[in-house]
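*Asks:* Can you keep this structure in mind? I'll have questions shortly.
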Amino acid sequence: MAQDSYDINPTQMTATSDVAMPQDPEAESSVLSAMMISQDVLQECLIELEPDDFYIPSNRKIYLAMREMFDRNMAVDTISLADFLKSQGELERVGGRPYLLDLGNNSLALVGWRRHVEMLRRDSTLRRMISAAAQITALAYDAPEDTKEVVDKAERLLLDVTNRDVRSTELSLEQIMGELYEELGANAANKDRVLGVSTGF
């Protein structure tokens, strides 16, 4: 199935003209299969992944369709997904029913889906780094008089790449307080345990 080059690589940037952007189509297909087969995997992937983590436009469209169906409390399975994509005029553009059936029949995808999610996030981060580096290079070649403005823009571009990984390690106040409450409850239930820090005196 032919893809529009701009859809695949909106920035039209690569490290060199002969090197493709970081991607793994097999990992993308595997993650979509796992999402289609398991409701639990579907929910986790909708939290962990973003549309741009899918490099192949057809896979990105399928992911977006799954997310919209999930938000509407619709069942996400091969037949329902095909019907939903058809109603949007996207079914043939993503490979038609045969591609969706192949995804739905790949039960082995459940074995390594977590690793494949990591691969998608890694490649997506690398693509954003390449895009940011190209934009920074373009800014520098413009030879502006105010280099501080260029440095500031470069810093913002690089921070945009890393912010996602920082956010993924953050815990909400609700999570922290929940864990603290459980720990305090366990300590209160254990009457024999000495609370506080032992000094040895």
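In the structure tokens, chains take the letters A, B, ... in the order shown, each chain's residues start at 1, and ligands count up from 1 in the order shown.
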Which polymer residues have any atom within 9 Å of an atom of Met35 of chain A, counting only C-alpha atoms, with same-chain residues fewer than 6 positions away left out, as a JSON list (two decimals) with all heavy atoms, in the first residue's frame?
*Replies:*
[["chain", "number", "residue", "atom", "x", "y", "z"],
["A", 41, "VAL", "N", -4.76, -4.53, 27.74],
["A", 41, "VAL", "CA", -3.65, -3.97, 26.96],
["A", 41, "VAL", "C", -4.10, -2.69, 26.26],
["A", 41, "VAL", "O", -3.36, -1.70, 26.21],
["A", 41, "VAL", "CB", -3.13, -5.00, 25.93],
["A", 41, "VAL", "CG1", -2.07, -4.36, 25.03],
["A", 41, "VAL", "CG2", -2.56, -6.21, 26.64],
["A", 42, "LEU", "N", -5.31, -2.70, 25.74],
["A", 42, "LEU", "CA", -5.86, -1.52, 25.07],
["A", 42, "LEU", "C", -5.81, -0.31, 26.00],
["A", 42, "LEU", "O", -5.31, 0.76, 25.62],
["A", 42, "LEU", "CB", -7.30, -1.79, 24.63],
["A", 42, "LEU", "CG", -8.08, -0.60, 24.07],
["A", 42, "LEU", "CD1", -7.49, -0.12, 22.75],
["A", 42, "LEU", "CD2", -9.55, -0.95, 23.90],
["A", 43, "GLN", "N", -6.29, -0.48, 27.22],
["A", 43, "GLN", "CA", -6.33, 0.64, 28.16],
["A", 43, "GLN", "C", -4.93, 1.12, 28.50],
["A", 43, "GLN", "O", -4.68, 2.33, 28.56],
["A", 43, "GLN", "CB", -7.07, 0.22, 29.43],
["A", 43, "GLN", "CG", -8.55, -0.04, 29.20],
["A", 43, "GLN", "CD", -9.28, -0.41, 30.48],
["A", 43, "GLN", "OE1", -9.01, 0.13, 31.54],
["A", 43, "GLN", "NE2", -10.21, -1.35, 30.39],
["A", 44, "GLU", "N", -4.01, 0.19, 28.74],
["A", 44, "GLU", "CA", -2.64, 0.59, 29.10],
["A", 44, "GLU", "C", -1.95, 1.32, 27.95],
["A", 44, "GLU", "O", -1.24, 2.30, 28.16],
["A", 44, "GLU", "CB", -1.83, -0.64, 29.52],
["A", 44, "GLU", "CG", -2.25, -1.20, 30.88],
["A", 44, "GLU", "CD", -1.18, -2.09, 31.47],
["A", 44, "GLU", "OE1", 0.00, -1.71, 31.46],
["A", 44, "GLU", "OE2", -1.54, -3.19, 31.93],
["A", 45, "CYS", "N", -2.16, 0.82, 26.72],
["A", 45, "CYS", "CA", -1.51, 1.45, 25.56],
["A", 45, "CYS", "C", -2.08, 2.84, 25.28],
["A", 45, "CYS", "O", -1.35, 3.73, 24.84],
["A", 45, "CYS", "CB", -1.65, 0.56, 24.34],
["A", 45, "CYS", "SG", -0.61, -0.92, 24.38],
["A", 46, "LEU", "N", -3.36, 3.03, 25.55],
["A", 46, "LEU", "CA", -3.96, 4.35, 25.35],
["A", 46, "LEU", "C", -3.39, 5.35, 26.34],
["A", 46, "LEU", "O", -3.38, 6.56, 26.08],
["A", 46, "LEU", "CB", -5.48, 4.27, 25.49],
["A", 46, "LEU", "CG", -6.22, 3.55, 24.36],
["A", 46, "LEU", "CD1", -7.71, 3.47, 24.66],
["A", 46, "LEU", "CD2", -5.97, 4.23, 23.02],
["A", 63, "TYR", "N", -4.80, 3.40, 15.44],
["A", 63, "TYR", "CA", -4.69, 3.74, 16.86],
["A", 63, "TYR", "C", -5.70, 4.82, 17.24],
["A", 63, "TYR", "O", -6.39, 4.72, 18.27],
["A", 63, "TYR", "CB", -3.26, 4.22, 17.17],
["A", 63, "TYR", "CG", -3.10, 4.77, 18.56],
["A", 63, "TYR", "CD1", -2.86, 3.93, 19.64],
["A", 63, "TYR", "CD2", -3.20, 6.14, 18.80],
["A", 63, "TYR", "CE1", -2.73, 4.44, 20.92],
["A", 63, "TYR", "CE2", -3.07, 6.65, 20.08],
["A", 63, "TYR", "CZ", -2.84, 5.80, 21.13],
["A", 63, "TYR", "OH", -2.71, 6.31, 22.40],
["A", 66, "MET", "N", -9.17, 3.37, 17.42],
["A", 66, "MET", "CA", -9.35, 2.61, 18.66],
["A", 66, "MET", "C", -9.58, 3.54, 19.85],
["A", 66, "MET", "O", -10.43, 3.28, 20.70],
["A", 66, "MET", "CB", -8.11, 1.74, 18.93],
["A", 66, "MET", "CG", -7.96, 0.54, 18.03],
["A", 66, "MET", "SD", -6.48, -0.40, 18.52],
["A", 66, "MET", "CE", -6.65, -1.84, 17.49],
["A", 76, "VAL", "N", -14.02, -2.69, 20.97],
["A", 76, "VAL", "CA", -12.92, -2.62, 20.00],
["A", 76, "VAL", "C", -12.53, -4.03, 19.61],
["A", 76, "VAL", "O", -11.83, -4.73, 20.34],
["A", 76, "VAL", "CB", -11.71, -1.86, 20.59],
["A", 76, "VAL", "CG1", -10.58, -1.81, 19.57],
["A", 76, "VAL", "CG2", -12.09, -0.45, 21.02],
["A", 110, "LEU", "N", 0.54, -10.69, 22.28],
["A", 110, "LEU", "CA", 0.36, -10.49, 23.73],
["A", 110, "LEU", "C", 1.61, -10.85, 24.52],
["A", 110, "LEU", "O", 1.76, -10.43, 25.67],
["A", 110, "LEU", "CB", -0.82, -11.33, 24.22],
["A", 110, "LEU", "CG", -2.20, -10.89, 23.73],
["A", 110, "LEU", "CD1", -3.27, -11.87, 24.17],
["A", 110, "LEU", "CD2", -2.52, -9.49, 24.26],
["A", 113, "TRP", "N", 4.22, -7.38, 24.05],
["A", 113, "TRP", "CA", 3.68, -6.05, 23.75],
["A", 113, "TRP", "C", 4.32, -4.95, 24.58],
["A", 113, "TRP", "O", 4.51, -3.84, 24.08],
["A", 113, "TRP", "CB", 2.16, -6.04, 23.91],
["A", 113, "TRP", "CG", 1.67, -6.14, 25.32],
["A", 113, "TRP", "CD1", 1.40, -7.27, 26.01],
["A", 113, "TRP", "CD2", 1.40, -5.04, 26.20],
["A", 113, "TRP", "NE1", 0.98, -6.97, 27.28],
["A", 113, "TRP", "CE2", 0.96, -5.60, 27.43],
["A", 113, "TRP", "CE3", 1.47, -3.66, 26.08],
["A", 113, "TRP", "CZ2", 0.62, -4.83, 28.53],
["A", 113, "TRP", "CZ3", 1.13, -2.87, 27.18],
["A", 113, "TRP", "CH2", 0.71, -3.45, 28.38]]
*Asks:* Tell me which protein, DNA and RNA residues are within 9 Å of Leu120 of chain A, counting only C-alpha atoms, leaving out same-chain ones fewer than 4 positions away, and put them as a PyMOL selection string.
*Replies:* chain A and resi 23-24+27-28+31+49+53-55+115-116+124-125
*Asks:* Take atom CA of Leu103 of chain A and atom CA of Ser33 of chain A and report the distance between them in Å, one decimal.
*Replies:*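 These atoms are spaced 4.6 Å apart.
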*Asks:* Between A:Val117, A:Leu139, A:Leu85, A:Leu158, which residue has the minimum interatomic distance to Ile47 of chain A, considering only C-alpha atoms?
*Replies:* A:Val117
*Asks:* Show me, as a PyMOL selection string, the residues that have an atom within 12 Å of segment 91-95 of chain A when counting only C-alpha atoms, minus same-chain residues fewer than 6 positions from it.
*Replies:* chain A and resi 1-4+29+56-65+78-85+101-103
*Asks:* What would the file look like if the residues just selected were written as a PDB file, in the first residue's frame with C-alpha atoms?
*Replies:*
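Saved the output as again.pdb:
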ATOM      1  CA  MET A   1       0.000   0.000   0.000  1.00  0.00           C
ATOM      2  CA  ALA A   2       1.576   3.266  -1.120  1.00  0.00           C
ATOM      3  CA  GLN A   3       1.991   5.963   1.505  1.00  0.00           C
ATOM      4  CA  ASP A   4       2.278   9.691   0.991  1.00  0.00           C
ATOM      5  CA  SER A  29       1.572  -3.898  14.139  1.00  0.00           C
ATOM      6  CA  ILE A  56       3.238   4.457   9.639  1.00  0.00           C
ATOM      7  CA  PRO A  57       0.187   6.647   8.818  1.00  0.00           C
ATOM      8  CA  SER A  58      -2.194   3.675   8.495  1.00  0.00           C
ATOM      9  CA  ASN A  59      -1.179   2.382  11.938  1.00  0.00           C
ATOM     10  CA  ARG A  60      -1.602   5.865  13.387  1.00  0.00           C
ATOM     11  CA  LYS A  61      -5.130   6.042  11.948  1.00  0.00           C
ATOM     12  CA  ILE A  62      -5.995   2.648  13.454  1.00  0.00           C
ATOM     13  CA  TYR A  63      -4.687   3.743  16.861  1.00  0.00           C
ATOM     14  CA  LEU A  64      -6.742   6.951  16.697  1.00  0.00           C
ATOM     15  CA  ALA A  65      -9.845   4.971  15.709  1.00  0.00           C
ATOM     16  CA  THR A  78     -11.839  -6.542  14.293  1.00  0.00           C
ATOM     17  CA  ILE A  79     -15.388  -6.295  12.960  1.00  0.00           C
ATOM     18  CA  SER A  80     -16.360  -3.222  14.984  1.00  0.00           C
ATOM     19  CA  LEU A  81     -13.109  -1.470  14.125  1.00  0.00           C
ATOM     20  CA  ALA A  82     -13.550  -2.185  10.418  1.00  0.00           C
ATOM     21  CA  ASP A  83     -17.106  -0.812  10.565  1.00  0.00           C
ATOM     22  CA  PHE A  84     -15.964   2.307  12.413  1.00  0.00           C
ATOM     23  CA  LEU A  85     -13.135   2.998   9.947  1.00  0.00           C
ATOM     24  CA  LEU A 101      -7.993  -9.440  10.302  1.00  0.00           C
ATOM     25  CA  ASP A 102      -4.239 -10.098  10.327  1.00  0.00           C
ATOM     26  CA  LEU A 103      -3.891  -7.810  13.342  1.00  0.00           C
TER      27      LEU A 103
END
*Asks:* Just how far from atom CA of Glu118 of chain A is atom CA of Gln39 of chain A, in Å to one decimal?
*Replies:*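 Atom CA of Glu118 of chain A lies 19.0 Å from atom CA of Gln39 of chain A.
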*Asks:* Please extract the residues of segment 34-165 of chain A with a backbone DSSP assignment of helix (DSSP H, G or I) and present them as a ChimeraX atom specification.
*Replies:* /A:34-37,39-48,51-53,57-71,78-87,92-94,96-104,109-141,147-165
